[in-house]
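Visitor: Contents are compact mmCIF, N, CA and C atoms; file name query_22.txt:
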```txt
# COMPACT_ATOMS: atom_id res chain seq x y z
N MET G 1 -2.10 3.84 -12.37
CA MET G 1 -1.78 2.93 -11.28
C MET G 1 -2.87 1.86 -11.25
N GLN G 2 -2.42 0.64 -11.20
CA GLN G 2 -3.33 -0.50 -11.18
C GLN G 2 -3.63 -0.87 -9.73
N VAL G 3 -4.92 -1.07 -9.40
CA VAL G 3 -5.33 -1.44 -8.05
C VAL G 3 -6.13 -2.73 -8.12
N GLN G 4 -5.69 -3.73 -7.35
CA GLN G 4 -6.40 -5.00 -7.29
C GLN G 4 -6.86 -5.22 -5.85
N VAL G 5 -8.13 -5.55 -5.68
CA VAL G 5 -8.70 -5.75 -4.35
C VAL G 5 -9.09 -7.22 -4.19
N HIS G 6 -8.62 -7.82 -3.09
CA HIS G 6 -8.94 -9.21 -2.77
C HIS G 6 -9.57 -9.22 -1.38
N ALA G 7 -10.71 -9.88 -1.24
CA ALA G 7 -11.37 -9.96 0.06
C ALA G 7 -11.79 -11.40 0.32
N ASP G 8 -11.67 -11.83 1.57
CA ASP G 8 -12.12 -13.19 1.89
C ASP G 8 -13.63 -13.20 2.14
N ASP G 9 -14.16 -14.37 2.43
CA ASP G 9 -15.61 -14.55 2.58
C ASP G 9 -16.20 -13.81 3.78
N SER G 10 -15.38 -13.46 4.75
CA SER G 10 -15.89 -12.79 5.95
C SER G 10 -16.09 -11.29 5.75
N ILE G 11 -15.67 -10.76 4.61
CA ILE G 11 -15.78 -9.33 4.33
C ILE G 11 -17.02 -9.07 3.48
N GLN G 12 -17.89 -8.21 3.98
CA GLN G 12 -19.11 -7.84 3.27
C GLN G 12 -18.83 -6.63 2.38
N GLY G 13 -19.49 -6.53 1.26
CA GLY G 13 -19.36 -5.33 0.43
C GLY G 13 -19.20 -5.63 -1.04
N GLY G 14 -18.52 -6.71 -1.36
CA GLY G 14 -18.37 -7.14 -2.75
C GLY G 14 -17.80 -6.07 -3.67
N ASP G 15 -18.47 -5.87 -4.81
CA ASP G 15 -17.97 -4.95 -5.83
C ASP G 15 -17.95 -3.51 -5.37
N SER G 16 -18.93 -3.11 -4.56
CA SER G 16 -18.96 -1.72 -4.10
C SER G 16 -17.78 -1.43 -3.18
N LEU G 17 -17.40 -2.39 -2.35
CA LEU G 17 -16.23 -2.24 -1.49
C LEU G 17 -14.97 -2.16 -2.33
N ALA G 18 -14.85 -3.01 -3.33
CA ALA G 18 -13.69 -3.00 -4.21
C ALA G 18 -13.58 -1.66 -4.95
N GLN G 19 -14.70 -1.15 -5.44
CA GLN G 19 -14.72 0.14 -6.13
C GLN G 19 -14.29 1.26 -5.19
N TRP G 20 -14.81 1.24 -3.96
CA TRP G 20 -14.45 2.25 -2.97
C TRP G 20 -12.95 2.21 -2.68
N ALA G 21 -12.41 1.01 -2.48
CA ALA G 21 -10.99 0.85 -2.17
C ALA G 21 -10.13 1.36 -3.33
N GLN G 22 -10.51 1.06 -4.57
CA GLN G 22 -9.76 1.54 -5.73
C GLN G 22 -9.76 3.06 -5.80
N GLU G 23 -10.91 3.67 -5.56
CA GLU G 23 -10.99 5.14 -5.60
C GLU G 23 -10.15 5.77 -4.49
N GLU G 24 -10.21 5.18 -3.29
CA GLU G 24 -9.42 5.71 -2.17
C GLU G 24 -7.92 5.62 -2.45
N ILE G 25 -7.48 4.47 -2.97
CA ILE G 25 -6.06 4.30 -3.29
C ILE G 25 -5.64 5.32 -4.34
N ASN G 26 -6.42 5.45 -5.41
CA ASN G 26 -6.07 6.39 -6.47
C ASN G 26 -6.04 7.84 -5.96
N THR G 27 -6.92 8.18 -5.04
CA THR G 27 -6.96 9.54 -4.49
C THR G 27 -5.80 9.78 -3.54
N ARG G 28 -5.61 8.87 -2.58
CA ARG G 28 -4.60 9.07 -1.54
C ARG G 28 -3.18 8.93 -2.06
N LEU G 29 -2.97 8.11 -3.11
CA LEU G 29 -1.63 7.91 -3.64
C LEU G 29 -1.42 8.65 -4.97
N ALA G 30 -2.26 9.62 -5.27
CA ALA G 30 -2.20 10.33 -6.55
C ALA G 30 -0.83 10.95 -6.80
N ARG G 31 -0.19 11.50 -5.77
CA ARG G 31 1.11 12.13 -5.97
C ARG G 31 2.22 11.12 -6.26
N LEU G 32 1.94 9.84 -6.05
CA LEU G 32 2.93 8.79 -6.28
C LEU G 32 2.66 8.00 -7.55
N LYS G 33 1.73 8.46 -8.38
CA LYS G 33 1.30 7.67 -9.54
C LYS G 33 2.43 7.40 -10.53
N ASP G 34 3.46 8.26 -10.58
CA ASP G 34 4.58 8.01 -11.49
C ASP G 34 5.56 6.99 -10.92
N TYR G 35 5.49 6.76 -9.62
CA TYR G 35 6.41 5.86 -8.94
C TYR G 35 5.80 4.47 -8.72
N VAL G 36 4.55 4.44 -8.28
CA VAL G 36 3.87 3.17 -7.95
C VAL G 36 3.13 2.65 -9.17
N GLN G 37 3.44 1.41 -9.56
CA GLN G 37 2.78 0.79 -10.70
C GLN G 37 1.49 0.09 -10.30
N ARG G 38 1.54 -0.63 -9.17
CA ARG G 38 0.40 -1.46 -8.79
C ARG G 38 0.28 -1.50 -7.26
N VAL G 39 -0.96 -1.54 -6.80
CA VAL G 39 -1.25 -1.71 -5.38
C VAL G 39 -2.22 -2.88 -5.26
N GLU G 40 -1.88 -3.82 -4.40
CA GLU G 40 -2.78 -4.93 -4.12
C GLU G 40 -3.32 -4.77 -2.71
N VAL G 41 -4.64 -4.90 -2.58
CA VAL G 41 -5.34 -4.73 -1.30
C VAL G 41 -5.89 -6.10 -0.90
N TYR G 42 -5.54 -6.55 0.30
CA TYR G 42 -6.05 -7.81 0.83
C TYR G 42 -6.85 -7.51 2.09
N LEU G 43 -8.13 -7.82 2.08
CA LEU G 43 -9.01 -7.59 3.22
C LEU G 43 -9.45 -8.93 3.78
N THR G 44 -9.19 -9.14 5.06
CA THR G 44 -9.54 -10.41 5.69
C THR G 44 -10.12 -10.16 7.09
N GLY G 45 -10.83 -11.15 7.59
CA GLY G 45 -11.31 -11.10 8.96
C GLY G 45 -10.31 -11.78 9.86
N VAL G 46 -10.19 -11.30 11.08
CA VAL G 46 -9.32 -11.94 12.07
C VAL G 46 -10.17 -12.36 13.25
N ASP G 47 -9.83 -13.47 13.86
CA ASP G 47 -10.61 -14.01 14.97
C ASP G 47 -10.55 -13.11 16.20
N ALA G 48 -9.38 -12.58 16.51
CA ALA G 48 -9.25 -11.75 17.70
C ALA G 48 -8.22 -10.65 17.45
N LEU G 49 -8.60 -9.43 17.77
CA LEU G 49 -7.67 -8.31 17.69
C LEU G 49 -6.69 -8.38 18.85
N LYS G 50 -5.47 -7.93 18.61
CA LYS G 50 -4.48 -7.94 19.69
C LYS G 50 -4.88 -6.99 20.81
N SER G 51 -5.49 -5.85 20.47
CA SER G 51 -5.79 -4.84 21.48
C SER G 51 -7.04 -5.16 22.31
N THR G 52 -8.13 -5.55 21.67
CA THR G 52 -9.39 -5.75 22.39
C THR G 52 -9.75 -7.21 22.60
N GLY G 53 -9.19 -8.09 21.80
CA GLY G 53 -9.52 -9.50 21.91
C GLY G 53 -10.77 -9.89 21.15
N GLY G 54 -11.50 -8.90 20.63
CA GLY G 54 -12.71 -9.16 19.87
C GLY G 54 -12.41 -9.39 18.40
N PRO G 55 -13.42 -9.78 17.63
CA PRO G 55 -13.20 -10.01 16.20
C PRO G 55 -12.90 -8.69 15.48
N GLY G 56 -12.16 -8.79 14.41
CA GLY G 56 -11.79 -7.59 13.69
C GLY G 56 -11.50 -7.86 12.23
N LYS G 57 -10.93 -6.86 11.59
CA LYS G 57 -10.60 -6.94 10.17
C LYS G 57 -9.14 -6.57 9.99
N ARG G 58 -8.53 -7.15 8.98
CA ARG G 58 -7.13 -6.87 8.65
C ARG G 58 -7.06 -6.39 7.21
N CYS G 59 -6.23 -5.39 6.99
CA CYS G 59 -5.98 -4.88 5.64
C CYS G 59 -4.48 -4.96 5.40
N VAL G 60 -4.10 -5.62 4.33
CA VAL G 60 -2.70 -5.68 3.91
C VAL G 60 -2.61 -4.99 2.55
N LEU G 61 -1.68 -4.05 2.44
CA LEU G 61 -1.45 -3.35 1.17
C LEU G 61 -0.05 -3.66 0.70
N GLU G 62 0.08 -4.01 -0.56
CA GLU G 62 1.38 -4.29 -1.15
C GLU G 62 1.53 -3.47 -2.41
N THR G 63 2.66 -2.75 -2.51
CA THR G 63 2.90 -1.94 -3.71
C THR G 63 4.03 -2.52 -4.53
N ARG G 64 3.94 -2.29 -5.80
CA ARG G 64 5.01 -2.61 -6.74
C ARG G 64 5.41 -1.29 -7.37
N ALA G 65 6.66 -0.90 -7.14
CA ALA G 65 7.14 0.38 -7.66
C ALA G 65 8.18 0.14 -8.75
N ASN G 66 8.39 1.15 -9.54
CA ASN G 66 9.33 1.07 -10.66
C ASN G 66 10.73 0.71 -10.19
N GLY G 67 11.19 -0.49 -10.53
CA GLY G 67 12.56 -0.91 -10.25
C GLY G 67 12.90 -1.07 -8.78
N ARG G 68 11.94 -1.16 -7.90
CA ARG G 68 12.18 -1.27 -6.47
C ARG G 68 11.53 -2.55 -5.95
N PRO G 69 12.01 -3.06 -4.81
CA PRO G 69 11.37 -4.24 -4.23
C PRO G 69 9.97 -3.89 -3.73
N PRO G 70 9.09 -4.87 -3.63
CA PRO G 70 7.73 -4.60 -3.15
C PRO G 70 7.74 -4.08 -1.71
N ILE G 71 6.75 -3.29 -1.39
CA ILE G 71 6.57 -2.77 -0.03
C ILE G 71 5.20 -3.25 0.44
N ALA G 72 5.16 -3.84 1.64
CA ALA G 72 3.89 -4.32 2.18
C ALA G 72 3.70 -3.77 3.59
N VAL G 73 2.47 -3.39 3.89
CA VAL G 73 2.11 -2.93 5.23
C VAL G 73 0.79 -3.60 5.61
N ASN G 74 0.50 -3.66 6.91
CA ASN G 74 -0.79 -4.21 7.33
C ASN G 74 -1.31 -3.45 8.53
N ALA G 75 -2.61 -3.56 8.74
CA ALA G 75 -3.25 -2.92 9.89
C ALA G 75 -4.48 -3.73 10.28
N GLU G 76 -4.80 -3.71 11.57
CA GLU G 76 -5.99 -4.38 12.08
C GLU G 76 -6.85 -3.36 12.81
N ALA G 77 -8.16 -3.51 12.67
CA ALA G 77 -9.12 -2.65 13.37
C ALA G 77 -10.44 -3.39 13.45
N GLU G 78 -11.40 -2.78 14.14
CA GLU G 78 -12.71 -3.42 14.29
C GLU G 78 -13.50 -3.40 12.99
N LYS G 79 -13.29 -2.37 12.16
CA LYS G 79 -14.03 -2.24 10.91
C LYS G 79 -13.07 -2.17 9.73
N VAL G 80 -13.56 -2.60 8.57
CA VAL G 80 -12.75 -2.64 7.36
C VAL G 80 -12.23 -1.25 7.02
N HIS G 81 -13.09 -0.25 7.08
CA HIS G 81 -12.70 1.10 6.70
C HIS G 81 -11.58 1.64 7.59
N GLU G 82 -11.64 1.32 8.89
CA GLU G 82 -10.61 1.76 9.81
C GLU G 82 -9.27 1.09 9.50
N ALA G 83 -9.29 -0.21 9.30
CA ALA G 83 -8.07 -0.96 8.99
C ALA G 83 -7.47 -0.45 7.68
N PHE G 84 -8.33 -0.19 6.70
CA PHE G 84 -7.88 0.30 5.40
C PHE G 84 -7.22 1.67 5.54
N ALA G 85 -7.83 2.58 6.28
CA ALA G 85 -7.29 3.93 6.45
C ALA G 85 -5.93 3.90 7.14
N ILE G 86 -5.80 3.08 8.17
CA ILE G 86 -4.53 2.95 8.89
C ILE G 86 -3.46 2.39 7.97
N ALA G 87 -3.82 1.36 7.19
CA ALA G 87 -2.86 0.74 6.28
C ALA G 87 -2.41 1.72 5.19
N VAL G 88 -3.31 2.52 4.67
CA VAL G 88 -2.93 3.51 3.64
C VAL G 88 -1.95 4.52 4.22
N ASP G 89 -2.19 4.99 5.44
CA ASP G 89 -1.26 5.92 6.08
C ASP G 89 0.13 5.29 6.23
N LYS G 90 0.16 4.03 6.67
CA LYS G 90 1.44 3.32 6.81
C LYS G 90 2.12 3.18 5.45
N LEU G 91 1.34 2.87 4.43
CA LEU G 91 1.89 2.70 3.09
C LEU G 91 2.51 4.00 2.58
N LEU G 92 1.83 5.11 2.78
CA LEU G 92 2.37 6.41 2.36
C LEU G 92 3.71 6.69 3.03
N ARG G 93 3.81 6.43 4.33
CA ARG G 93 5.08 6.64 5.03
C ARG G 93 6.17 5.71 4.50
N ALA G 94 5.81 4.45 4.26
CA ALA G 94 6.79 3.48 3.78
C ALA G 94 7.29 3.84 2.38
N VAL G 95 6.40 4.27 1.51
CA VAL G 95 6.81 4.64 0.15
C VAL G 95 7.65 5.91 0.19
N ASP G 96 7.27 6.88 1.02
CA ASP G 96 8.09 8.09 1.17
C ASP G 96 9.49 7.76 1.65
N THR G 97 9.59 6.83 2.60
CA THR G 97 10.90 6.39 3.09
C THR G 97 11.70 5.75 1.97
N ASP G 98 11.05 4.90 1.18
CA ASP G 98 11.73 4.24 0.07
C ASP G 98 12.19 5.26 -0.96
N LEU G 99 11.36 6.24 -1.25
CA LEU G 99 11.76 7.30 -2.19
C LEU G 99 12.94 8.09 -1.66
N GLY G 100 12.96 8.30 -0.35
CA GLY G 100 14.07 9.01 0.27
C GLY G 100 15.39 8.29 0.10
N LYS G 101 15.34 6.95 0.04
CA LYS G 101 16.56 6.17 -0.16
C LYS G 101 17.14 6.35 -1.56
N LEU G 102 16.32 6.83 -2.48
CA LEU G 102 16.80 7.05 -3.84
C LEU G 102 17.57 8.35 -3.98
N LYS G 103 17.53 9.19 -2.96
CA LYS G 103 18.22 10.47 -2.98
C LYS G 103 19.34 10.45 -1.95
N ASP G 104 20.45 11.15 -2.26
CA ASP G 104 21.49 11.29 -1.25
C ASP G 104 21.14 12.47 -0.35
N LYS G 105 22.01 12.81 0.59
CA LYS G 105 21.68 13.85 1.57
C LYS G 105 21.53 15.23 0.95
N ASN G 106 22.03 15.43 -0.25
CA ASN G 106 21.91 16.73 -0.92
C ASN G 106 20.77 16.75 -1.93
N GLY G 107 19.94 15.70 -1.95
CA GLY G 107 18.79 15.67 -2.84
C GLY G 107 19.07 15.20 -4.24
N ARG G 108 20.29 14.71 -4.48
CA ARG G 108 20.63 14.20 -5.81
C ARG G 108 20.29 12.72 -5.89
N GLU G 109 20.17 12.22 -7.11
CA GLU G 109 19.90 10.80 -7.30
C GLU G 109 21.02 9.97 -6.69
N SER G 110 20.66 8.94 -5.96
CA SER G 110 21.62 8.05 -5.34
C SER G 110 21.95 6.91 -6.29
N VAL G 111 23.14 6.35 -6.16
CA VAL G 111 23.51 5.21 -7.00
C VAL G 111 22.66 3.99 -6.68
N ARG G 112 22.05 3.94 -5.48
CA ARG G 112 21.20 2.82 -5.12
C ARG G 112 19.92 2.79 -5.95
N GLY G 113 19.49 3.93 -6.45
CA GLY G 113 18.26 3.99 -7.20
C GLY G 113 18.44 3.91 -8.70
N VAL G 114 19.70 3.91 -9.15
CA VAL G 114 19.97 3.89 -10.58
C VAL G 114 20.40 2.49 -11.00
N GLU G 115 19.71 1.96 -12.00
CA GLU G 115 20.08 0.63 -12.48
C GLU G 115 21.25 0.75 -13.44
N ASP G 116 22.15 -0.21 -13.38
CA ASP G 116 23.33 -0.22 -14.24
C ASP G 116 22.92 -0.62 -15.64
N PRO G 117 23.14 0.26 -16.66
CA PRO G 117 22.72 -0.07 -18.02
C PRO G 117 23.54 -1.22 -18.60
N ALA G 118 24.71 -1.52 -18.04
CA ALA G 118 25.53 -2.60 -18.57
C ALA G 118 24.96 -3.97 -18.19
N VAL G 119 24.16 -3.99 -17.12
CA VAL G 119 23.56 -5.24 -16.66
C VAL G 119 22.23 -5.40 -17.40
N GLY G 120 21.96 -6.55 -17.88
CA GLY G 120 20.67 -6.67 -18.49
C GLY G 120 20.57 -7.79 -19.38
```
Just give me the structure of the file as structure tokens.
Guide:
Amino acid sequence: MQVQVHADDSIQGGDSLAQWAQEEINTRLARLKDYVQRVEVYLTGVDALKSTGGPGKRCVLETRANGRPPIAVNAEAEKVHEAFAIAVDKLLRAVDTDLGKLKDKNGRESVRGVEDPAVG
């Protein structure tokens, strides 16, 4: 699984933060490694949080999965690590939901998840 980390100028940490984020993604999404090809992490500062009104951080995660549309989630918190953890939890739920759409109610492959070999 490929992990790309992008951070704006307001985020401190540089390469060590990027390395940490890559390790966390690979660890937390390990069970999805056959499904998820790439995860992009965007870390930015926000002027005011919706909940407290103070400055905060935003984490946006976008996945690219095999033959599926991209999935993106975001989270805001006072600290980068908090926003990142919340976003990863949201991403896991979103990917699980998407995987569930590939199965019918009896656990068999759904036609929605199978690409037509005649098209191409």
Visitor: Kindly indicate which residue among G:Leu43, G:Leu29, G:Met1, G:Asn66 lies nearest to Arg93 of chain G, using only C-alpha atoms for the distances.
Guide: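 Of the candidates, the smallest distance to Arg93 of chain G is held by G:Leu29.
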Visitor: Using all atoms listed in the file, which residue out of G:Ala18, G:Gly100, G:Val3, G:Cys59 lies closest to Val39 of chain G?
Guide: G:Val3
Visitor: Within 6.5 Å of segment 79-90 of chain G, counting all atoms listed in the file, which residues show up once you throw out same-chain ones fewer than 6 positions away? Write them as a ChimeraX atom specification, please.
Guide: /G:56-59,61,73
